Structures are given as C-alpha cells and as structure tokens.
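To be precise, the following lines are work-v2.cif, and they hold mmCIF, C-alpha atoms.
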data_model
loop_
_atom_site.group_PDB
_atom_site.id
_atom_site.type_symbol
_atom_site.label_atom_id
_atom_site.label_comp_id
_atom_site.auth_asym_id
_atom_site.auth_seq_id
_atom_site.Cartn_x
_atom_site.Cartn_y
_atom_site.Cartn_z
ATOM 1 C CA MET A 1 97.060 77.764 123.689
ATOM 2 C CA SER A 2 96.302 77.585 127.413
ATOM 3 C CA ASN A 3 97.194 80.118 130.104
ATOM 4 C CA SER A 4 98.710 77.465 132.355
ATOM 5 C CA LEU A 5 101.901 79.517 132.778
ATOM 6 C CA ARG A 6 100.284 82.916 133.207
ATOM 7 C CA ASN A 7 102.205 84.974 135.817
ATOM 8 C CA LYS A 8 105.051 82.427 135.727
ATOM 9 C CA VAL A 9 108.625 83.413 134.865
ATOM 10 C CA VAL A 10 110.671 81.039 132.720
ATOM 11 C CA VAL A 11 114.410 81.596 132.208
ATOM 12 C CA ILE A 12 115.917 79.814 129.195
ATOM 13 C CA THR A 13 119.607 79.621 128.267
ATOM 14 C CA GLY A 14 120.574 78.731 124.717
ATOM 15 C CA ALA A 15 117.388 80.555 123.711
ATOM 16 C CA SER A 16 118.500 81.809 120.291
ATOM 17 C CA SER A 17 117.994 78.555 118.384
ATOM 18 C CA GLY A 18 117.042 74.891 118.495
ATOM 19 C CA ILE A 19 115.322 73.450 121.534
ATOM 20 C CA GLY A 20 115.916 76.600 123.562
ATOM 21 C CA ARG A 21 114.049 78.725 121.022
ATOM 22 C CA SER A 22 111.212 76.216 120.895
ATOM 23 C CA ILE A 23 110.887 76.200 124.689
ATOM 24 C CA VAL A 24 110.722 79.998 124.697
ATOM 25 C CA LEU A 25 107.813 79.979 122.252
ATOM 26 C CA GLU A 26 106.044 77.026 123.885
ATOM 27 C CA SER A 27 106.246 78.730 127.277
ATOM 28 C CA ALA A 28 105.127 82.073 125.875
ATOM 29 C CA GLY A 29 102.230 80.356 124.140
ATOM 30 C CA ARG A 30 101.031 79.258 127.564
ATOM 31 C CA GLY A 31 101.205 82.783 128.929
ATOM 32 C CA ALA A 32 104.632 82.806 130.585
ATOM 33 C CA THR A 33 106.946 85.753 131.004
ATOM 34 C CA VAL A 34 110.111 84.509 129.321
ATOM 35 C CA ILE A 35 113.731 85.518 129.846
ATOM 36 C CA LEU A 36 115.974 84.731 126.890
ATOM 37 C CA ILE A 37 119.697 84.133 127.333
ATOM 38 C CA ALA A 38 122.241 83.417 124.577
ATOM 39 C CA ARG A 39 125.088 85.222 122.817
ATOM 40 C CA ASN A 40 123.297 86.391 119.667
ATOM 41 C CA GLU A 41 121.354 89.529 120.628
ATOM 42 C CA GLY A 42 119.801 89.940 117.190
ATOM 43 C CA LYS A 43 118.242 86.478 117.200
ATOM 44 C CA LEU A 44 117.130 86.880 120.802
ATOM 45 C CA ASN A 45 115.290 90.110 119.970
ATOM 46 C CA GLU A 46 113.498 88.455 117.048
ATOM 47 C CA ILE A 47 112.365 85.525 119.196
ATOM 48 C CA ALA A 48 111.390 87.837 122.057
ATOM 49 C CA SER A 49 109.103 89.794 119.726
ATOM 50 C CA GLU A 50 107.413 86.571 118.673
ATOM 51 C CA ALA A 51 107.129 85.491 122.302
ATOM 52 C CA LYS A 52 105.440 88.767 123.286
ATOM 53 C CA GLU A 53 102.816 88.270 120.595
ATOM 54 C CA LEU A 54 102.096 84.775 121.884
ATOM 55 C CA SER A 55 101.996 85.589 125.587
ATOM 56 C CA GLY A 56 100.691 89.137 125.617
ATOM 57 C CA THR A 57 103.212 89.889 128.341
ATOM 58 C CA ASP A 58 106.889 90.705 128.814
ATOM 59 C CA ALA A 59 109.851 88.956 127.246
ATOM 60 C CA TYR A 60 113.342 89.918 128.388
ATOM 61 C CA VAL A 61 116.584 89.593 126.425
ATOM 62 C CA PHE A 62 119.978 89.290 128.095
ATOM 63 C CA PRO A 63 122.863 88.534 125.691
ATOM 64 C CA THR A 64 125.265 86.333 127.648
ATOM 65 C CA ASP A 65 128.092 83.885 127.054
ATOM 66 C CA ILE A 66 127.291 81.016 129.426
ATOM 67 C CA GLY A 67 130.952 80.020 129.251
ATOM 68 C CA LYS A 68 131.954 83.195 131.124
ATOM 69 C CA ALA A 69 131.256 83.474 134.848
ATOM 70 C CA ASP A 70 131.435 87.265 134.950
ATOM 71 C CA GLU A 71 128.772 87.580 132.251
ATOM 72 C CA ILE A 72 126.536 85.062 134.036
ATOM 73 C CA LYS A 73 126.786 87.002 137.285
ATOM 74 C CA ALA A 74 126.006 90.308 135.585
ATOM 75 C CA THR A 75 123.004 88.810 133.788
ATOM 76 C CA PHE A 76 121.683 87.272 136.994
ATOM 77 C CA LYS A 77 121.706 90.684 138.663
ATOM 78 C CA LYS A 78 119.747 92.135 135.739
ATOM 79 C CA ILE A 79 117.193 89.334 135.965
ATOM 80 C CA ILE A 80 116.630 89.905 139.680
ATOM 81 C CA ALA A 81 116.187 93.616 139.012
ATOM 82 C CA SER A 82 113.633 92.890 136.274
ATOM 83 C CA VAL A 83 111.326 90.239 137.773
ATOM 84 C CA GLN A 84 109.989 89.517 141.253
ATOM 85 C CA HIS A 85 110.418 85.752 141.126
ATOM 86 C CA ILE A 86 111.777 82.894 138.996
ATOM 87 C CA ASP A 87 109.580 79.831 138.579
ATOM 88 C CA PHE A 88 111.507 77.762 136.033
ATOM 89 C CA LEU A 89 115.126 77.677 134.875
ATOM 90 C CA VAL A 90 115.766 75.728 131.676
ATOM 91 C CA ASN A 91 119.473 75.209 130.969
ATOM 92 C CA CYS A 92 119.627 74.496 127.222
ATOM 93 C CA ALA A 93 122.922 76.167 126.338
ATOM 94 C CA GLY A 94 125.577 73.770 125.112
ATOM 95 C CA PHE A 95 127.535 72.489 122.135
ATOM 96 C CA GLY A 96 129.570 69.498 121.010
ATOM 97 C CA LYS A 97 132.160 68.367 118.485
ATOM 98 C CA PHE A 98 132.445 64.872 117.068
ATOM 99 C CA GLU A 99 136.085 63.787 116.723
ATOM 100 C CA THR A 100 138.141 60.858 117.922
ATOM 101 C CA PHE A 101 139.535 61.888 121.279
ATOM 102 C CA MET A 102 143.191 61.287 120.419
ATOM 103 C CA ASP A 103 142.899 63.562 117.393
ATOM 104 C CA SER A 104 140.874 66.287 119.098
ATOM 105 C CA ASP A 105 141.969 69.694 120.338
ATOM 106 C CA MET A 106 141.910 69.747 124.146
ATOM 107 C CA GLN A 107 140.818 73.373 124.012
ATOM 108 C CA ASP A 108 137.570 72.140 122.462
ATOM 109 C CA ALA A 109 137.085 69.817 125.436
ATOM 110 C CA THR A 110 137.814 72.668 127.828
ATOM 111 C CA ASN A 111 135.306 74.921 126.058
ATOM 112 C CA MET A 112 132.645 72.208 126.095
ATOM 113 C CA PHE A 113 132.989 71.708 129.830
ATOM 114 C CA GLN A 114 133.064 75.455 130.398
ATOM 115 C CA VAL A 115 129.695 75.913 128.688
ATOM 116 C CA ASN A 116 127.957 72.536 129.062
ATOM 117 C CA VAL A 117 128.897 71.937 132.696
ATOM 118 C CA LEU A 118 130.579 74.772 134.589
ATOM 119 C CA GLY A 119 128.464 77.599 133.158
ATOM 120 C CA LEU A 120 125.326 75.563 133.782
ATOM 121 C CA MET A 121 126.404 74.865 137.366
ATOM 122 C CA TYR A 122 127.302 78.477 138.088
ATOM 123 C CA PHE A 123 124.038 79.882 136.769
ATOM 124 C CA THR A 124 122.033 77.134 138.473
ATOM 125 C CA ARG A 125 123.692 77.999 141.795
ATOM 126 C CA LEU A 126 122.655 81.643 141.515
ATOM 127 C CA VAL A 127 119.068 80.936 140.483
ATOM 128 C CA GLY A 128 118.764 77.953 142.810
ATOM 129 C CA ARG A 129 119.493 80.109 145.841
ATOM 130 C CA VAL A 130 116.564 82.365 144.927
ATOM 131 C CA MET A 131 114.291 79.351 144.553
ATOM 132 C CA MET A 132 115.433 78.009 147.914
ATOM 133 C CA GLU A 133 114.452 81.278 149.570
ATOM 134 C CA GLU A 134 111.067 81.215 147.842
ATOM 135 C CA LYS A 135 110.574 77.518 148.722
ATOM 136 C CA THR A 136 109.429 76.788 145.169
ATOM 137 C CA GLY A 137 110.695 76.450 141.611
ATOM 138 C CA GLN A 138 112.025 73.931 139.126
ATOM 139 C CA ILE A 139 115.385 73.560 137.405
ATOM 140 C CA ILE A 140 115.479 71.687 134.092
ATOM 141 C CA ASN A 141 118.960 70.714 132.916
ATOM 142 C CA PHE A 142 119.658 69.393 129.444
ATOM 143 C CA GLY A 143 121.857 66.335 129.465
ATOM 144 C CA SER A 144 121.802 63.950 126.528
ATOM 145 C CA ILE A 145 121.342 60.299 125.677
ATOM 146 C CA ALA A 146 125.043 60.632 124.784
ATOM 147 C CA GLY A 147 125.654 60.936 128.529
ATOM 148 C CA LYS A 148 124.131 57.481 128.981
ATOM 149 C CA ILE A 149 125.160 55.526 125.877
ATOM 150 C CA PRO A 150 128.801 55.794 124.724
ATOM 151 C CA THR A 151 129.554 56.221 121.036
ATOM 152 C CA THR A 152 132.830 56.904 119.274
ATOM 153 C CA LYS A 153 133.957 60.454 118.421
ATOM 154 C CA SER A 154 132.050 61.967 121.349
ATOM 155 C CA ALA A 155 134.275 61.349 124.392
ATOM 156 C CA ALA A 156 134.441 64.930 125.654
ATOM 157 C CA TYR A 157 130.855 65.794 124.747
ATOM 158 C CA SER A 158 129.464 62.599 126.286
ATOM 159 C CA ALA A 159 131.545 63.176 129.415
ATOM 160 C CA SER A 160 130.168 66.707 129.755
ATOM 161 C CA LYS A 161 126.597 65.477 129.468
ATOM 162 C CA ALA A 162 127.192 62.620 131.898
ATOM 163 C CA ALA A 163 128.462 65.257 134.322
ATOM 164 C CA VAL A 164 125.254 67.273 133.874
ATOM 165 C CA ILE A 165 123.139 64.190 134.564
ATOM 166 C CA GLN A 166 124.952 63.266 137.768
ATOM 167 C CA PHE A 167 125.120 66.885 138.915
ATOM 168 C CA SER A 168 121.358 67.094 138.480
ATOM 169 C CA ASN A 169 120.812 63.862 140.409
ATOM 170 C CA VAL A 170 122.690 65.176 143.420
ATOM 171 C CA LEU A 171 121.145 68.643 143.147
ATOM 172 C CA ARG A 172 117.676 67.054 143.175
ATOM 173 C CA LEU A 173 118.417 65.490 146.552
ATOM 174 C CA GLU A 174 119.889 68.657 148.028
ATOM 175 C CA LEU A 175 117.040 70.938 146.906
ATOM 176 C CA LYS A 176 114.150 68.611 147.712
ATOM 177 C CA PRO A 177 113.878 69.791 151.360
ATOM 178 C CA PHE A 178 113.422 73.341 150.046
ATOM 179 C CA GLY A 179 110.567 72.479 147.693
ATOM 180 C CA VAL A 180 112.683 73.005 144.573
ATOM 181 C CA LYS A 181 112.423 70.352 141.848
ATOM 182 C CA VAL A 182 115.111 69.225 139.404
ATOM 183 C CA MET A 183 114.498 67.408 136.118
ATOM 184 C CA THR A 184 117.037 66.243 133.546
ATOM 185 C CA VAL A 185 116.141 66.103 129.852
ATOM 186 C CA ASN A 186 118.196 63.655 127.823
ATOM 187 C CA PRO A 187 117.339 63.849 124.124
ATOM 188 C CA GLY A 188 118.850 61.844 121.335
ATOM 189 C CA PRO A 189 119.743 63.621 118.069
ATOM 190 C CA VAL A 190 117.571 66.661 117.308
ATOM 191 C CA TYR A 191 117.099 68.639 114.087
ATOM 192 C CA THR A 192 118.965 71.776 115.216
ATOM 193 C CA ASN A 193 122.080 73.845 114.390
ATOM 194 C CA PHE A 194 123.967 71.674 116.899
ATOM 195 C CA PHE A 195 125.168 69.415 114.091
ATOM 196 C CA ASN A 196 126.517 72.315 112.044
ATOM 197 C CA ILE A 197 129.318 72.393 114.624
ATOM 198 C CA ALA A 198 129.351 68.811 115.888
ATOM 199 C CA ASP A 199 129.094 66.994 112.560
ATOM 200 C CA LYS A 200 130.562 69.037 109.722
ATOM 201 C CA THR A 201 130.640 65.999 107.392
ATOM 202 C CA GLY A 202 126.892 65.403 107.723
ATOM 203 C CA ASN A 203 127.488 61.651 107.971
ATOM 204 C CA TYR A 204 126.141 61.271 111.500
ATOM 205 C CA VAL A 205 122.855 63.022 110.718
ATOM 206 C CA LYS A 206 122.315 60.747 107.716
ATOM 207 C CA ASN A 207 122.976 57.647 109.797
ATOM 208 C CA VAL A 208 120.598 58.526 112.653
ATOM 209 C CA GLN A 209 117.598 59.783 110.673
ATOM 210 C CA ALA A 210 115.355 57.195 112.335
ATOM 211 C CA PHE A 211 116.057 58.685 115.767
ATOM 212 C CA MET A 212 116.023 62.403 114.937
ATOM 213 C CA LEU A 213 113.674 64.524 117.026
ATOM 214 C CA ASP A 214 111.794 67.704 116.166
ATOM 215 C CA PRO A 215 112.799 70.516 118.588
ATOM 216 C CA ASN A 216 109.168 71.649 118.843
ATOM 217 C CA ASP A 217 108.100 68.173 119.972
ATOM 218 C CA VAL A 218 110.873 68.115 122.574
ATOM 219 C CA ALA A 219 109.866 71.579 123.797
ATOM 220 C CA TRP A 220 106.227 70.554 124.148
ATOM 221 C CA GLN A 221 107.175 67.580 126.300
ATOM 222 C CA VAL A 222 109.562 69.600 128.466
ATOM 223 C CA VAL A 223 107.007 72.344 129.144
ATOM 224 C CA HIS A 224 104.329 69.707 129.724
ATOM 225 C CA TYR A 225 106.357 68.512 132.724
ATOM 226 C CA PHE A 226 106.852 71.972 134.220
ATOM 227 C CA GLY A 227 105.962 71.708 137.903
ATOM 228 C CA SER A 228 105.928 67.899 137.925
ATOM 229 C CA ASP A 229 108.006 65.522 140.038
ATOM 230 C CA LYS A 230 109.484 63.802 136.980
ATOM 231 C CA ARG A 231 113.185 63.066 137.457
ATOM 232 C CA GLU A 232 114.237 62.431 133.858
ATOM 233 C CA LEU A 233 112.811 62.816 130.397
ATOM 234 C CA ASN A 234 114.646 60.543 127.959
ATOM 235 C CA LEU A 235 113.821 60.895 124.246
ATOM 236 C CA PRO A 236 113.020 59.173 121.956
ATOM 237 C CA ILE A 237 111.561 56.135 123.707
ATOM 238 C CA SER A 238 113.656 53.773 121.554
ATOM 239 C CA LEU A 239 116.916 55.336 122.804
ATOM 240 C CA ALA A 240 115.569 55.524 126.357
ATOM 241 C CA ILE A 241 115.111 51.753 126.230
ATOM 242 C CA ALA A 242 118.564 51.358 124.683
ATOM 243 C CA ALA A 243 120.092 53.336 127.565
ATOM 244 C CA LYS A 244 118.481 51.011 130.113
ATOM 245 C CA PHE A 245 119.674 47.998 128.121
ATOM 246 C CA TYR A 246 123.219 49.362 128.125
ATOM 247 C CA ASN A 247 123.208 49.709 131.913
ATOM 248 C CA LEU A 248 122.040 46.115 132.311
ATOM 249 C CA PHE A 249 124.244 44.563 129.628
ATOM 250 C CA PRO A 250 127.227 46.884 129.058
ATOM 251 C CA THR A 251 129.426 44.331 127.265
ATOM 252 C CA ILE A 252 126.749 43.602 124.687
ATOM 253 C CA GLY A 253 125.989 47.317 124.619
ATOM 254 C CA ASP A 254 129.563 48.129 123.624
ATOM 255 C CA ILE A 255 129.354 45.706 120.701
ATOM 256 C CA ILE A 256 126.065 47.168 119.514
ATOM 257 C CA SER A 257 127.357 50.716 119.897
ATOM 258 C CA LEU A 258 130.412 49.996 117.776
ATOM 259 C CA LYS A 259 128.347 48.362 115.030
ATOM 260 C CA VAL A 260 125.269 50.587 115.015
ATOM 261 C CA ALA A 261 125.507 53.784 117.071
ATOM 262 C CA SER A 262 129.042 54.957 116.289
ATOM 263 C CA ARG A 263 128.637 55.718 112.596
ATOM 264 C CA LYS A 264 129.780 59.330 112.689
#

Whole structure given in structure tokens:
Amino acid sequence: MSNSLRNKVVVITGASSGIGRSIVLESAGRGATVILIARNEGKLNEIASEAKELSGTDAYVFPTDIGKADEIKATFKKIIASVQHIDFLVNCAGFGKFETFMDSDMQDATNMFQVNVLGLMYFTRLVGRVMMEEKTGQIINFGSIAGKIPTTKSAAYSASKAAVIQFSNVLRLELKPFGVKVMTVNPGPVYTNFFNIADKTGNYVKNVQAFMLDPNDVAWQVVHYFGSDKRELNLPISLAIAAKFYNLFPTIGDIISLKVASRK
C-alpha cells in the first residue's frame, strides 16, 4: 500500500461495519491516522487494532450514537483534544427500513432522519468549522442511489438520502470559498449488514444481485477521490446511468421502477 495519506487524519462515522469499516482499513493502509466513530465499542477496538497494524500510526476510537447531539458534541471535543487537524470527514453512519409508508411506524422515519440527516448535519457543522479555519479539508457524505431513483417500500429512507444529497450540494457552494471540498457518495445496494435491518425477508437482496457492490471496492473508490474536486460518486455505473435517465424521463422511469426496481 502507498503512503499517500501519511500524516493525514481521517474521521469515519459508521466505522464498525460495512463501508465505514472498509474505509477505515483502506485509509489506514495508505498511512492515515484514523478516527473511528460508531456505537459498538468492541467492534471499533478490533478494527482500530487492525488499522494500527496497517498504518503504523495511531487509530482512535470514540463510541458515539450519531443520532444523539449531546454525544456528537462530546466526541467532537475529544477529537479536537486528540489530533491537531482534521483532513477528511467521511459520514457513513446510517440505516434504513423497507416497508410501505402507510404501514410503517413513524418513529422509524424519525429515527432514520435523526441519524441519516440531522446527526450527519450536526457533526459536519462542527468539523466543517475547523476545516474553514484551516482553509483546507474534505467532507464526504454518503447519500444513496435511493435518493435519486424512487422505489417502493423506501419512502422515508429515500427521503433521508435525498436530503443528504441536497444538503451536500448547498454545503459545497458555501464551503468552496474557504478551500473545503464536499463530495457525495451515492451507492446502490452493497453487501453489508444494512439489509439485516432494512430487508428482513431477504427478497430485495435476491432481486438485486446484479447490482450488489462489494464494500471494499466502494471504499477503494472513495479513498481514491480523497482531495479531489469530484462532486459525486455514483455506483455502480449502471445505476448511475439509470438515475440520469430517470431525471430526463421521469414518467417512463416510474413505470420501469414499478416493474423492475421495486421488488422488495
């Protein structure tokens, strides 16, 4: 592995599993000092140990519920006390549930927005201010192809991810004068624990096998674009094209979504 991130500090939320875990290890493999944030302290410690072996430098663990503002604030203070600068913030934390909206529990929708959107925004605001002062840095927010292409049984989740995408678009404009970059990553379905919560029947995973992504491949691409001016990373390419098609031909897109993409 290269040392392209040597002396760089990478903060990752949702670091205990899935894409977040993979980004931790990919960053550490390139020499970065990584800061791991998630709720499960045991898993974070295991991944941090692996990261230290890869990077030969520090790896910090801060157990935090991104859905709780007081915990975010406390963790931010610990981060600032531990490192001299923050180069990259990767907001991976999030979850979803696949149910028809009229049959869903509104508390689930509230919780999704609390973690996927509000927690992300609150933490980004704290870290972003530091980056503004330093006149450098990059914020990477995880949206989803679901925030671009509507499918049934994902109203609240898709809405939360659409909010992340538009929030990131505006934030990019506001932080540009300060030299801070913002990139949105919008993956399609990924082989992670996400579907253990979102799709308890397993039907959706079976129906989208052709589009499923490996979290390590996603992590490699995300880290590859660290420091770049790329606005969005949409994966896989087939769904990225589908998202553009939907924007151009939404009526036809609705028909295709109902017949092909909504088999949850």

Exercise. So which one's closest to Leu44 in chain A, A:Leu25, A:Val83, A:Ala15, A:Leu126? Using all atoms listed in the file, please.
Worked result: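 Of all the options, A:Ala15 lies closest to Leu44 in chain A.
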
Seminar exercise, completed: Using all atoms listed in the file, the residue out of A:Ala109, A:Cys92, A:Val127, A:Leu248 with shortest distance to Lys73 in chain A is A:Val127

Check which residues of range 9-99 of chain A sit at most 10 Å from range 142-145 of chain A using all atoms listed in the file, and return one row each with the closest pair of atoms and their distance in Å to one decimal, ordered by chain and rising number, as a Markdown table.
| residue | atom | partner | partner_atom | distance |
| --- | --- | --- | --- | --- |
| A:Ile19 | CA | A:Phe142 | CA | 9.9 |
| A:Val90 | CA | A:Phe142 | CA | 7.8 |
| A:Asn91 | CA | A:Phe142 | CA | 6.0 |
| A:Cys92 | CA | A:Phe142 | CA | 5.6 |
| A:Ala93 | CA | A:Phe142 | CA | 8.1 |
| A:Gly94 | CA | A:Phe142 | CA | 8.5 |

Selection from above, C-alpha atoms, as a short mmCIF file (atom, residue, chain, number, x, y, z; two decimals), keeping the file's coordinate frame, can you write it?
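The new file result_34.cif reads:
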data_model
loop_
_atom_site.label_atom_id
_atom_site.label_comp_id
_atom_site.auth_asym_id
_atom_site.auth_seq_id
_atom_site.Cartn_x
_atom_site.Cartn_y
_atom_site.Cartn_z
CA ILE A 19 115.32 73.45 121.53
CA VAL A 90 115.77 75.73 131.68
CA ASN A 91 119.47 75.21 130.97
CA CYS A 92 119.63 74.50 127.22
CA ALA A 93 122.92 76.17 126.34
CA GLY A 94 125.58 73.77 125.11
#

For this session: Return as a VMD selection string the set of residues that the PyMOL selection byres ((chain A and resi 146) around 9) yields on the displayed structure.
Result: chain A and resid 143 to 145 147 to 151 154 157 to 159 161 to 162 186 to 188

Problem set entry | Residues matched by the PyMOL selection byres ((chain A and resi 4) around 8) as a ChimeraX atom specification | /A:2-3,5-6,30-31

List the residues selected by the PyMOL selection byres ((chain A and resi 98-104) around 7) in the file shown, writing them as a PDB file with C-alpha atoms, in the frame of the given file.
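So out-v8.pdb came out as:
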ATOM      1  CA  GLY A  96     129.570  69.498 121.010  1.00  0.00           C
ATOM      2  CA  LYS A  97     132.160  68.367 118.485  1.00  0.00           C
ATOM      3  CA  ASP A 105     141.969  69.694 120.338  1.00  0.00           C
ATOM      4  CA  MET A 106     141.910  69.747 124.146  1.00  0.00           C
ATOM      5  CA  THR A 152     132.830  56.904 119.274  1.00  0.00           C
ATOM      6  CA  LYS A 153     133.957  60.454 118.421  1.00  0.00           C
ATOM      7  CA  SER A 154     132.050  61.967 121.349  1.00  0.00           C
ATOM      8  CA  ALA A 155     134.275  61.349 124.392  1.00  0.00           C
ATOM      9  CA  ALA A 198     129.351  68.811 115.888  1.00  0.00           C
ATOM     10  CA  ASP A 199     129.094  66.994 112.560  1.00  0.00           C
TER      11      ASP A 199
END

Seminar exercise, completed: Among A:Arg21, A:Ala163, A:Phe62, A:Leu54, Phe76 in chain A is approached most closely, using only C-alpha atoms, by A:Phe62

Problem set entry | For Glu50 in chain A, the nearest of the candidates A:Ser22, A:Asn247, A:Asn216, A:Thr75, counting all atoms listed in the file |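 Among the listed residues, A:Ser22 lies closest to Glu50 in chain A.
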
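We find CA of Ala38 in chain A and CA of Ser160 in chain A to be spaced 19.2 Å apart.
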
Exercise. Do you know which residues lie at most 7 Å from (124.0, 50.6, 121.5), with coordinates as in the file and all atoms listed in the file counted, and could you write them as a list in words?
Worked result: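 The answer, in the requested form, is Ile149, Ala242, Tyr246, Gly253, Asp254, Ile256, Ser257, Val260 and Ala261 of chain A.
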
For this session: Write out as a list in words each polymer residue whose atoms come within 10 Å of Gly119 in chain A, counting only C-alpha atoms; drop sequence neighbours fewer than 2 positions from it.
Result: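 What passes the distance filter is Asp65, Ile66, Gly67, Lys68, Ala69, Ile72, Asn91, Ala93, Gly94, Met112, Phe113, Gln114, Val115, Asn116, Val117, Met121, Tyr122, Phe123, Thr124 and Arg125 of chain A.
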
Problem set entry | Gap from CA of Asn169 in chain A to CA of Asn141 in chain A - Å, one decimal |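 Computing it gives 10.3 Å between the two atoms.
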
Exercise. Which one of A:Ile23, A:Ile140, A:Met131, A:Ile165 sits closest to Gly179 in chain A if you count all atoms listed in the file?
Worked result: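 The closest residue to Gly179 in chain A is A:Met131.
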
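The interatomic distance for the pair CA of Val182 in chain A and CA of Thr13 in chain A works out to 15.9 Å.
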
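Residue nearest Val9 in chain A, chosen from A:Pro215, A:Pro177, A:Pro236, A:Gly137 and counting all atoms listed in the file: A:Gly137.
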
For this session: Would you kindly return, as a PyMOL selection string, each protein, DNA or RNA residue with an atom no farther than 10 Å from any atom of Lys8 in chain A, considering all atoms listed in the file and excluding same-chain residues fewer than 5 positions away?
Result: chain A and resi 3+27-28+30-34+85-88

Enclose all atoms of range 83-100 of chain A listed in the file in an axis-aligned box, grow every side by 4 Å, and hand back centre and edge lengths in Å to one decimal, as lines of an AutoDock Vina configuration file.
center_x = 123.9
center_y = 75.5
center_z = 129.0
size_x = 36.6
size_y = 37.4
size_z = 32.5

For this session: Write out as a list of chain:residue names the residues lying within 8 Å of Arg172 in chain A, counting all atoms listed in the file and excluding same-chain residues fewer than 3 positions away.
Result: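 After dropping sequence-adjacent residues, the list is A:Ser168, A:Asn169, A:Leu175, A:Lys176, A:Val180, A:Lys181, A:Val182, A:Met183.
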
Exercise. What lies within 7 Å of Leu213 in chain A using all atoms listed in the file, ignoring chain neighbours under 3 positions off, as a PyMOL selection string?
Worked result: chain A and resi 189-191
